[in-house]
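Data block for entry25.tsv (TSV, C-alpha atoms):
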chain	number	residue	atom	x	y	z
A	1121	MET	CA	-11.73	6.16	10.29
A	1122	LEU	CA	-10.08	4.38	7.36
A	1123	SER	CA	-9.25	5.99	4.00
A	1124	LEU	CA	-7.55	4.76	0.84
A	1125	TYR	CA	-5.82	7.03	-1.69
A	1126	VAL	CA	-4.47	5.97	-5.09
A	1127	THR	CA	-2.51	7.75	-7.83
A	1128	GLU	CA	-0.88	6.75	-11.10
A	1129	THR	CA	2.92	6.79	-11.26
A	1130	ALA	CA	3.55	7.05	-15.02
A	1131	PRO	CA	3.15	10.88	-15.12
A	1132	PHE	CA	6.19	11.15	-12.84
A	1133	LEU	CA	8.31	9.63	-15.61
A	1134	VAL	CA	7.85	12.90	-17.51
A	1135	ARG	CA	10.92	15.03	-16.77
A	1136	GLU	CA	9.03	18.25	-16.06
A	1137	ASN	CA	6.70	16.53	-13.59
A	1138	PHE	CA	9.57	14.63	-11.98
A	1139	GLU	CA	11.68	17.74	-11.39
A	1140	ARG	CA	8.77	19.70	-9.97
A	1141	ALA	CA	7.75	16.78	-7.76
A	1142	LEU	CA	11.27	16.59	-6.36
A	1143	LYS	CA	10.96	20.18	-5.20
A	1144	LEU	CA	7.67	19.34	-3.54
A	1145	THR	CA	8.99	16.51	-1.42
A	1146	ASP	CA	11.03	16.66	1.78
A	1147	SER	CA	14.81	16.16	1.81
A	1148	VAL	CA	14.68	12.61	3.20
A	1149	ARG	CA	12.31	11.37	0.49
A	1150	ARG	CA	14.25	13.33	-2.14
A	1151	MET	CA	17.52	11.63	-1.23
A	1152	HIS	CA	15.82	8.24	-1.24
A	1153	VAL	CA	14.28	8.85	-4.65
A	1154	LEU	CA	17.60	9.94	-6.16
A	1155	SER	CA	19.33	6.85	-4.75
A	1156	ILE	CA	17.05	4.55	-6.77
A	1157	LYS	CA	18.73	3.40	-9.98
A	1158	GLN	CA	15.69	2.51	-12.07
A	1159	GLU	CA	13.69	5.39	-13.52
A	1160	LYS	CA	10.39	3.63	-12.89
A	1161	GLY	CA	11.30	3.01	-9.25
A	1162	ARG	CA	12.14	6.68	-8.77
A	1163	ALA	CA	8.77	7.68	-10.21
A	1164	GLN	CA	6.94	5.22	-7.95
A	1165	SER	CA	8.68	6.40	-4.79
A	1166	LEU	CA	8.16	10.04	-5.65
A	1167	ALA	CA	4.47	9.47	-6.35
A	1168	ALA	CA	4.04	7.64	-3.04
A	1169	GLY	CA	5.67	10.48	-1.10
A	1170	LEU	CA	3.49	13.17	-2.63
A	1171	LEU	CA	0.40	11.01	-2.23
A	1172	LEU	CA	1.09	10.71	1.50
A	1173	THR	CA	1.21	14.49	1.87
A	1174	ARG	CA	-2.06	14.91	0.02
A	1175	ALA	CA	-3.65	12.02	1.92
A	1176	VAL	CA	-2.79	13.68	5.25
A	1177	GLN	CA	-4.38	16.93	4.12
A	1178	GLU	CA	-7.52	15.15	2.93
A	1179	TYR	CA	-7.69	12.96	6.03
A	1180	ASP	CA	-7.33	15.93	8.38
A	1181	SER	CA	-10.20	17.76	6.69
A	1182	ALA	CA	-12.53	14.76	6.33
A	1183	SER	CA	-15.75	14.87	8.32
A	1184	GLY	CA	-16.02	11.10	8.52
A	1185	GLU	CA	-15.32	7.81	6.79
A	1186	LYS	CA	-16.74	7.45	3.29
A	1187	THR	CA	-17.82	3.90	2.51
A	1188	ARG	CA	-19.20	2.05	-0.49
A	1189	GLU	CA	-22.34	-0.08	-0.44
A	1190	ASP	CA	-20.25	-3.12	0.50
A	1191	GLY	CA	-18.90	-1.29	3.56
A	1192	TYR	CA	-15.42	-0.84	2.12
A	1193	PRO	CA	-13.74	2.56	2.34
A	1194	VAL	CA	-14.13	4.53	-0.88
A	1195	VAL	CA	-11.10	4.57	-3.20
A	1196	CYS	CA	-10.01	8.21	-3.43
A	1197	LYS	CA	-8.28	8.58	-6.79
A	1198	VAL	CA	-5.84	11.49	-6.89
A	1199	GLU	CA	-4.71	12.76	-10.28
A	1200	ALA	CA	-0.92	12.81	-10.51
A	1201	GLU	CA	-1.02	16.05	-12.49
A	1202	TRP	CA	-2.88	17.67	-9.61
A	1203	LEU	CA	-0.27	16.51	-7.08
A	1204	VAL	CA	2.50	18.48	-8.79
A	1205	GLN	CA	0.51	21.73	-8.74
A	1206	THR	CA	0.82	22.17	-4.97
A	1207	PRO	CA	2.63	25.43	-4.00
A	1208	TYR	CA	6.16	24.99	-2.66
A	1209	ASN	CA	9.17	26.98	-1.56
A	1210	ASP	CA	12.91	26.25	-1.50
A	1211	ASN	CA	12.52	23.91	1.46
A	1212	GLY	CA	9.76	21.85	-0.13
A	1213	LEU	CA	6.07	21.98	0.66
A	1214	LYS	CA	4.94	25.06	2.54
A	1215	ASP	CA	2.89	22.92	4.91
A	1216	MET	CA	5.26	19.96	5.19
A	1217	THR	CA	4.76	19.07	8.87
A	1218	LEU	CA	4.62	15.27	8.72
A	1219	HIS	CA	7.75	14.64	10.84
A	1220	LEU	CA	8.17	10.97	10.02
A	1221	GLU	CA	10.08	8.60	12.29
A	1222	LYS	CA	10.61	4.84	12.23
A	1223	THR	CA	10.05	2.16	14.83
A	1224	PRO	CA	13.00	-0.12	15.73
A	1225	ALA	CA	11.54	-2.60	13.23
A	1226	GLY	CA	11.61	0.07	10.52
A	1227	LYS	CA	7.91	0.92	10.27
A	1228	PRO	CA	7.39	4.66	9.57
A	1229	TYR	CA	5.01	6.68	11.72
A	1230	PHE	CA	4.02	10.29	12.41
A	1231	LYS	CA	5.98	11.70	15.34
A	1232	ASN	CA	3.69	14.72	15.61
A	1233	ARG	CA	0.31	13.07	14.90
A	1234	PRO	CA	-0.51	10.61	17.70
A	1235	GLY	CA	-3.46	8.41	16.88
A	1236	VAL	CA	-3.06	8.81	13.10
A	1237	TYR	CA	-1.52	5.89	11.20
A	1238	PHE	CA	-0.53	5.39	7.57
A	1239	ASN	CA	1.07	2.95	5.19
A	1240	LEU	CA	2.32	3.17	1.61
A	1241	SER	CA	2.79	0.76	-1.26
A	1242	HIS	CA	3.51	0.94	-4.97
A	1243	SER	CA	3.68	-1.53	-7.82
A	1244	GLY	CA	3.47	-1.24	-11.58
A	1245	GLU	CA	1.55	1.90	-12.50
A	1246	TYR	CA	0.07	2.72	-9.08
A	1247	ALA	CA	1.03	4.14	-5.68
A	1248	VAL	CA	-1.39	3.73	-2.77
A	1249	CYS	CA	-1.70	5.21	0.72
A	1250	ALA	CA	-3.91	4.01	3.57
A	1251	MET	CA	-4.75	6.33	6.48
A	1252	SER	CA	-6.45	5.21	9.69
A	1253	ASP	CA	-7.05	5.89	13.35
A	1254	ARG	CA	-5.69	2.38	14.02
A	1255	GLU	CA	-2.55	0.54	12.93
A	1256	VAL	CA	-2.87	-0.16	9.21
A	1257	GLY	CA	-1.02	-1.85	6.38
A	1258	VAL	CA	-1.62	-1.68	2.63
A	1259	ASP	CA	-0.10	-3.57	-0.26
A	1260	ILE	CA	-0.60	-3.52	-4.02
A	1261	GLN	CA	0.88	-6.20	-6.27
A	1262	GLU	CA	0.96	-6.18	-10.04
A	1263	TRP	CA	0.33	-9.65	-11.41
A	1264	ARG	CA	3.65	-11.12	-12.50
A	1265	LYS	CA	4.98	-14.22	-14.21
A	1266	LEU	CA	6.24	-16.19	-11.23
A	1267	SER	CA	6.88	-19.75	-10.19
A	1268	MET	CA	3.65	-19.75	-8.22
A	1269	ASP	CA	3.80	-23.44	-7.29
A	1270	SER	CA	7.05	-23.16	-5.36
A	1271	MET	CA	6.14	-19.80	-3.81
A	1272	ALA	CA	2.71	-21.03	-2.71
A	1273	LYS	CA	4.34	-23.92	-0.86
A	1274	ARG	CA	6.55	-21.45	0.99
A	1275	PHE	CA	3.90	-18.82	1.84
A	1276	PHE	CA	0.44	-20.47	1.95
A	1277	ASP	CA	-1.05	-22.30	4.90
A	1278	GLU	CA	-2.72	-25.67	4.33
A	1279	LYS	CA	-6.24	-24.29	3.77
A	1280	GLU	CA	-5.01	-21.69	1.30
A	1281	MET	CA	-3.08	-24.39	-0.58
A	1282	GLU	CA	-6.22	-26.51	-0.77
A	1283	THR	CA	-8.25	-23.58	-2.10
A	1284	TRP	CA	-5.56	-22.57	-4.59
A	1285	GLN	CA	-5.13	-26.08	-6.00
A	1286	ASN	CA	-8.85	-26.33	-6.77
A	1287	TYR	CA	-8.77	-23.27	-9.07
A	1288	ASN	CA	-8.04	-23.10	-12.79
A	1289	ALA	CA	-4.84	-21.39	-13.97
A	1290	GLU	CA	-6.27	-17.86	-14.36
A	1291	THR	CA	-8.11	-17.92	-11.03
A	1292	GLN	CA	-4.98	-19.31	-9.39
A	1293	LYS	CA	-3.04	-16.25	-10.57
A	1294	ALA	CA	-5.60	-13.85	-9.11
A	1295	TYR	CA	-5.88	-15.77	-5.83
A	1296	PHE	CA	-2.10	-16.09	-5.46
A	1297	HIS	CA	-1.51	-12.35	-5.78
A	1298	SER	CA	-4.44	-11.53	-3.48
A	1299	VAL	CA	-3.07	-13.79	-0.75
A	1300	TRP	CA	0.38	-12.31	-1.25
A	1301	ALA	CA	-0.92	-8.72	-1.01
A	1302	ALA	CA	-3.06	-9.57	2.03
A	1303	LYS	CA	-0.16	-11.07	3.96
A	1304	GLU	CA	2.19	-8.24	3.01
A	1305	ALA	CA	-0.44	-5.77	4.24
A	1306	CYS	CA	-0.77	-7.71	7.48
A	1307	VAL	CA	2.94	-7.73	8.34
A	1308	LYS	CA	3.14	-4.04	7.39
A	1309	CYS	CA	0.25	-3.39	9.77
A	1310	THR	CA	1.96	-5.18	12.65
A	1311	GLY	CA	5.47	-4.05	11.73
A	1312	ALA	CA	6.67	-7.67	11.71
A	1313	GLY	CA	8.13	-7.44	8.21
A	1314	LEU	CA	10.19	-10.33	6.88
A	1315	SER	CA	10.51	-11.87	10.35
A	1316	LYS	CA	6.98	-13.26	10.06
A	1317	ASP	CA	6.38	-16.73	8.61
A	1318	PHE	CA	3.60	-16.19	6.07
A	1319	ARG	CA	2.44	-19.79	6.53
A	1320	HIS	CA	1.15	-18.80	9.97
A	1321	LEU	CA	-1.20	-16.21	8.46
A	1322	ARG	CA	-4.55	-17.41	7.12
A	1323	THR	CA	-6.58	-15.21	4.79
A	1324	ASP	CA	-10.37	-15.31	4.68
A	1325	PHE	CA	-11.58	-13.09	1.86
A	1326	VAL	CA	-15.20	-14.14	2.30
A	1327	ASN	CA	-15.41	-12.88	5.87
A	1328	GLY	CA	-12.80	-10.15	5.45
A	1329	SER	CA	-10.24	-11.29	8.00
A	1330	ILE	CA	-6.67	-12.50	8.34
A	1331	THR	CA	-5.67	-14.63	11.31
A	1332	ASP	CA	-2.36	-15.48	12.94
A	1333	THR	CA	-2.85	-19.21	13.41
A	1334	LYS	CA	-0.21	-19.37	16.16
A	1335	SER	CA	-1.50	-16.57	18.38
A	1336	GLY	CA	-5.13	-16.53	17.25
A	1337	GLU	CA	-4.92	-12.76	16.68
A	1338	GLN	CA	-7.26	-11.57	13.95
A	1339	LYS	CA	-7.33	-8.41	11.84
A	1340	ARG	CA	-9.81	-6.86	9.43
A	1341	LEU	CA	-9.00	-7.45	5.77
A	1342	TYR	CA	-10.24	-5.47	2.76
A	1343	GLU	CA	-9.57	-6.81	-0.74
A	1344	TYR	CA	-10.13	-4.46	-3.69
A	1345	SER	CA	-10.76	-5.61	-7.25
A	1346	ASP	CA	-10.90	-2.10	-8.73
A	1347	PHE	CA	-7.62	-2.45	-10.65
A	1348	PRO	CA	-7.47	-5.23	-13.28
A	1349	GLY	CA	-4.16	-7.05	-13.25
A	1350	TYR	CA	-3.43	-5.96	-9.67
A	1351	ALA	CA	-4.14	-7.23	-6.17
A	1352	LEU	CA	-4.79	-4.55	-3.54
A	1353	CYS	CA	-5.41	-5.26	0.13
A	1354	ILE	CA	-5.71	-3.27	3.36
A	1355	CYS	CA	-5.20	-4.81	6.79
A	1356	VAL	CA	-6.28	-2.90	9.88
A	1357	GLU	CA	-6.53	-3.56	13.61
A	1358	ASN	CA	-10.03	-4.55	14.75

Once more with this new file: its structure as structure tokens, please.
Amino acid sequence: MLSLYVTETAPFLVRENFERALKLTDSVRRMHVLSIKQEKGRAQSLAAGLLLTRAVQEYDSASGEKTREDGYPVVCKVEAEWLVQTPYNDNGLKDMTLHLEKTPAGKPYFKNRPGVYFNLSHSGEYAVCAMSDREVGVDIQEWRKLSMDSMAKRFFDEKEMETWQNYNAETQKAYFHSVWAAKEACVKCTGAGLSKDFRHLRTDFVNGSITDTKSGEQKRLYEYSDFPGYALCICVEN
């Protein structure tokens, strides 16, 4: 089963919501949030942490995977205002039993929920959480003003470069960020992180796959276009 949850982060910039949300989160996330210097970054991290808790509750109670007509998992939009209404006590959430640990490579996982996997991402005005019964990675990227030419040469494989160069400027921007989000989601799925050379990953948005061209290993790829100005991709083990 694969599920995708999304919430807006701007409401957590409101002081009342931010302070209440801090009480709702666990001590590890709370310390991380408070260590972030930028106000927007604190709001994003806090939103992602609360979204994970809600996603676990929803995932545990789900009777099965909800899919759209195209076969993609339904986007479950969670109102930020609703997230901060959850009951809590002095130690945080009353039902906070996630018990997160990290692999040696730094990928977080549930210590007490074998067979349940998750991944988080945030960018701009959104935080997202993917839940699955297989290893999963998710990434959202707000479109930015970047030196796309130089970055494409560093991160695209030859087929992606050929495709990208045949597009007009606006389509190039969308394609660039989609490839970027897809490859970030892939390395988050595998736990490879920055050690992976992105040029050895080939995206295929038509067939919904991403392939390691060195090993031949292939993963399922979902690209969402639900959020204008953003690229959102999920990568999951086949």

Please return the centre and edge lengths, in Å to one decimal, of a box with edges along x, y and z that contains all listed atoms of stretch 1148-1166 of chain A, widened by 5 Å on every side, as AutoDock Vina command-line options.
--center_x 13.1 --center_y 7.9 --center_z -5.2 --size_x 22.4 --size_y 20.8 --size_z 26.7

(request) Rank nothing, just name the residue among A:Phe1138, A:Tyr1192, A:Phe1238, A:Trp1284 nearest to A:Val1258, using all atoms listed in the file. (result)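 When distances to A:Val1258 are compared using all atoms listed in the file, the smallest one comes from A:Phe1238.
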
(message) I'd like the interatomic distance between atom CA of A:Cys1309 and atom CA of A:Asp1253, to a tenth of an Å.
(response)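 Spanning atom CA of A:Cys1309 to atom CA of A:Asp1253 is a straight-line distance of 12.3 Å.
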
(request) Using only C-alpha atoms, determine which residues lie at most 9 Å from A:Ala1168, disregarding the query and same-chain residues fewer than 5 positions distant; provide the list as a PyMOL selection string. (result) chain A and resi 1126-1127+1129+1163+1173+1240-1242+1246-1249

Selection export as a compact mmCIF listing (two decimals), in the coordinates of the input, atoms kept: C-alpha atoms:
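So selection-v3.txt came out as:
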# COMPACT_ATOMS: atom_id res chain seq x y z
CA VAL A 1126 -4.47 5.97 -5.09
CA THR A 1127 -2.51 7.75 -7.83
CA THR A 1129 2.92 6.79 -11.26
CA ALA A 1163 8.77 7.68 -10.21
CA THR A 1173 1.21 14.49 1.87
CA LEU A 1240 2.32 3.17 1.61
CA SER A 1241 2.79 0.76 -1.26
CA HIS A 1242 3.51 0.94 -4.97
CA TYR A 1246 0.07 2.72 -9.08
CA ALA A 1247 1.03 4.14 -5.68
CA VAL A 1248 -1.39 3.73 -2.77
CA CYS A 1249 -1.70 5.21 0.72

(request) Name all residues at most 12 Å from A:Trp1202 (count all atoms listed in the file; drop same-chain ones fewer than 5 positions away) and give them as a PyMOL selection string. (result) chain A and resi 1127-1128+1131-1132+1137+1140-1141+1167+1170-1171+1174+1197+1207

(request) Measuring atom to atom with all atoms listed in the file, identify which of A:Pro1234, A:Gly1244, A:Gly1226, A:Gly1311 is nearest to A:Val1356. (result)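 Among A:Pro1234, A:Gly1244, A:Gly1226, A:Gly1311, it is A:Gly1311 that comes nearest to A:Val1356.
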
(request) Write out as a PyMOL selection string which residues come within 8 Å of A:Cys1196 when counting all atoms listed in the file, dropping same-chain ones fewer than 3 positions away. (result) chain A and resi 1123-1126

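Minimum atom-to-atom distance to A:Glu1221, evaluated using only C-alpha atoms, belongs to A:Val1148 out of A:Val1148, A:Ile1156, A:Met1281, A:Leu1341.
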
(message) Calculated over only C-alpha atoms, which of the candidates A:Ala1130, A:Glu1136, A:Val1176, A:Gly1235 has the smallest distance to A:Glu1159?
(response) A:Ala1130

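Distance check against A:Met1251 using only C-alpha atoms: of A:Gly1328, A:Cys1355, A:Ser1345, A:Cys1306, the minimum falls on A:Cys1355.
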
(message) One number please: atom CA of A:Leu1321 to atom CA of A:Asn1358, in Å, one decimal.
(response)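 Here the two named atoms are 15.9 Å from each other.
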
(request) Can you work out the spacing between atom CA of A:Asp1180 and atom CA of A:Leu1142 in Å, to one decimal? (result)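 One can read the atom CA of A:Asp1180 to atom CA of A:Leu1142 distance as 23.7 Å.
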
(request) Using all atoms listed in the file, pick whichever of A:Asn1288, A:Arg1254, A:Gly1191, A:Phe1296 has the shortest atom-to-atom distance to A:Lys1273. (result) A:Phe1296

(request) Tell me, as a list in words, which residues lie within 10 Å of A:Tyr1229, counting only C-alpha atoms; anything in the same chain fewer than 5 positions away does not count. (result) Leu1218, His1219, Leu1220, Glu1221, Lys1222, Thr1223, Pro1234, Val1236, Tyr1237, Phe1238, Asn1239 and Glu1255 of chain A

Mind completing stretch 1319-1338 of chain A with N, CA, C and O atoms? Output as a CSV table (one decimal), in the coordinates of the input, please?
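What follows is the written file result31.csv:
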chain,number,residue,atom,x,y,z
A,1319,ARG,N,3.3,-18.6,6.4
A,1319,ARG,CA,2.4,-19.8,6.5
A,1319,ARG,C,1.6,-19.8,7.8
A,1319,ARG,O,0.7,-20.6,7.9
A,1320,HIS,N,1.9,-18.9,8.7
A,1320,HIS,CA,1.2,-18.8,10.0
A,1320,HIS,C,0.1,-17.7,9.9
A,1320,HIS,O,-0.6,-17.4,10.9
A,1321,LEU,N,-0.1,-17.2,8.7
A,1321,LEU,CA,-1.2,-16.2,8.5
A,1321,LEU,C,-2.2,-16.8,7.5
A,1321,LEU,O,-1.9,-17.3,6.5
A,1322,ARG,N,-3.5,-16.8,7.9
A,1322,ARG,CA,-4.6,-17.4,7.1
A,1322,ARG,C,-5.5,-16.3,6.7
A,1322,ARG,O,-6.1,-15.6,7.5
A,1323,THR,N,-5.7,-16.2,5.4
A,1323,THR,CA,-6.6,-15.2,4.8
A,1323,THR,C,-8.0,-15.8,4.7
A,1323,THR,O,-8.2,-17.0,4.3
A,1324,ASP,N,-9.0,-14.9,4.9
A,1324,ASP,CA,-10.4,-15.3,4.7
A,1324,ASP,C,-11.0,-14.1,4.0
A,1324,ASP,O,-11.5,-13.2,4.6
A,1325,PHE,N,-11.0,-14.2,2.7
A,1325,PHE,CA,-11.6,-13.1,1.9
A,1325,PHE,C,-13.1,-13.0,1.9
A,1325,PHE,O,-13.7,-11.9,1.8
A,1326,VAL,N,-13.7,-14.1,2.2
A,1326,VAL,CA,-15.2,-14.1,2.3
A,1326,VAL,C,-15.7,-13.3,3.5
A,1326,VAL,O,-16.6,-12.5,3.4
A,1327,ASN,N,-15.0,-13.6,4.6
A,1327,ASN,CA,-15.4,-12.9,5.9
A,1327,ASN,C,-14.6,-11.6,6.2
A,1327,ASN,O,-14.8,-11.0,7.2
A,1328,GLY,N,-13.6,-11.4,5.3
A,1328,GLY,CA,-12.8,-10.2,5.4
A,1328,GLY,C,-11.9,-10.2,6.7
A,1328,GLY,O,-11.9,-9.2,7.5
A,1329,SER,N,-11.1,-11.2,6.8
A,1329,SER,CA,-10.2,-11.3,8.0
A,1329,SER,C,-8.9,-12.0,7.6
A,1329,SER,O,-8.9,-12.7,6.7
A,1330,ILE,N,-7.9,-11.8,8.4
A,1330,ILE,CA,-6.7,-12.5,8.3
A,1330,ILE,C,-6.2,-12.8,9.8
A,1330,ILE,O,-6.3,-12.0,10.7
A,1331,THR,N,-5.9,-14.1,10.0
A,1331,THR,CA,-5.7,-14.6,11.3
A,1331,THR,C,-4.3,-15.2,11.5
A,1331,THR,O,-3.8,-15.9,10.6
A,1332,ASP,N,-3.6,-14.9,12.6
A,1332,ASP,CA,-2.4,-15.5,12.9
A,1332,ASP,C,-2.7,-16.8,13.6
A,1332,ASP,O,-3.3,-16.8,14.7
A,1333,THR,N,-2.4,-17.9,12.9
A,1333,THR,CA,-2.8,-19.2,13.4
A,1333,THR,C,-2.1,-19.7,14.6
A,1333,THR,O,-2.5,-20.6,15.3
A,1334,LYS,N,-1.0,-19.0,15.0
A,1334,LYS,CA,-0.2,-19.4,16.2
A,1334,LYS,C,-0.7,-18.6,17.4
A,1334,LYS,O,-0.9,-19.3,18.4
A,1335,SER,N,-1.0,-17.4,17.2
A,1335,SER,CA,-1.5,-16.6,18.4
A,1335,SER,C,-3.0,-16.5,18.4
A,1335,SER,O,-3.6,-16.1,19.5
A,1336,GLY,N,-3.7,-16.7,17.3
A,1336,GLY,CA,-5.1,-16.5,17.2
A,1336,GLY,C,-5.6,-15.1,17.0
A,1336,GLY,O,-6.7,-14.8,16.9
A,1337,GLU,N,-4.6,-14.2,16.9
A,1337,GLU,CA,-4.9,-12.8,16.7
A,1337,GLU,C,-5.5,-12.6,15.3
A,1337,GLU,O,-5.0,-13.1,14.3
A,1338,GLN,N,-6.6,-11.8,15.2
A,1338,GLN,CA,-7.3,-11.6,14.0
A,1338,GLN,C,-7.3,-10.1,13.6
A,1338,GLN,O,-7.5,-9.2,14.5
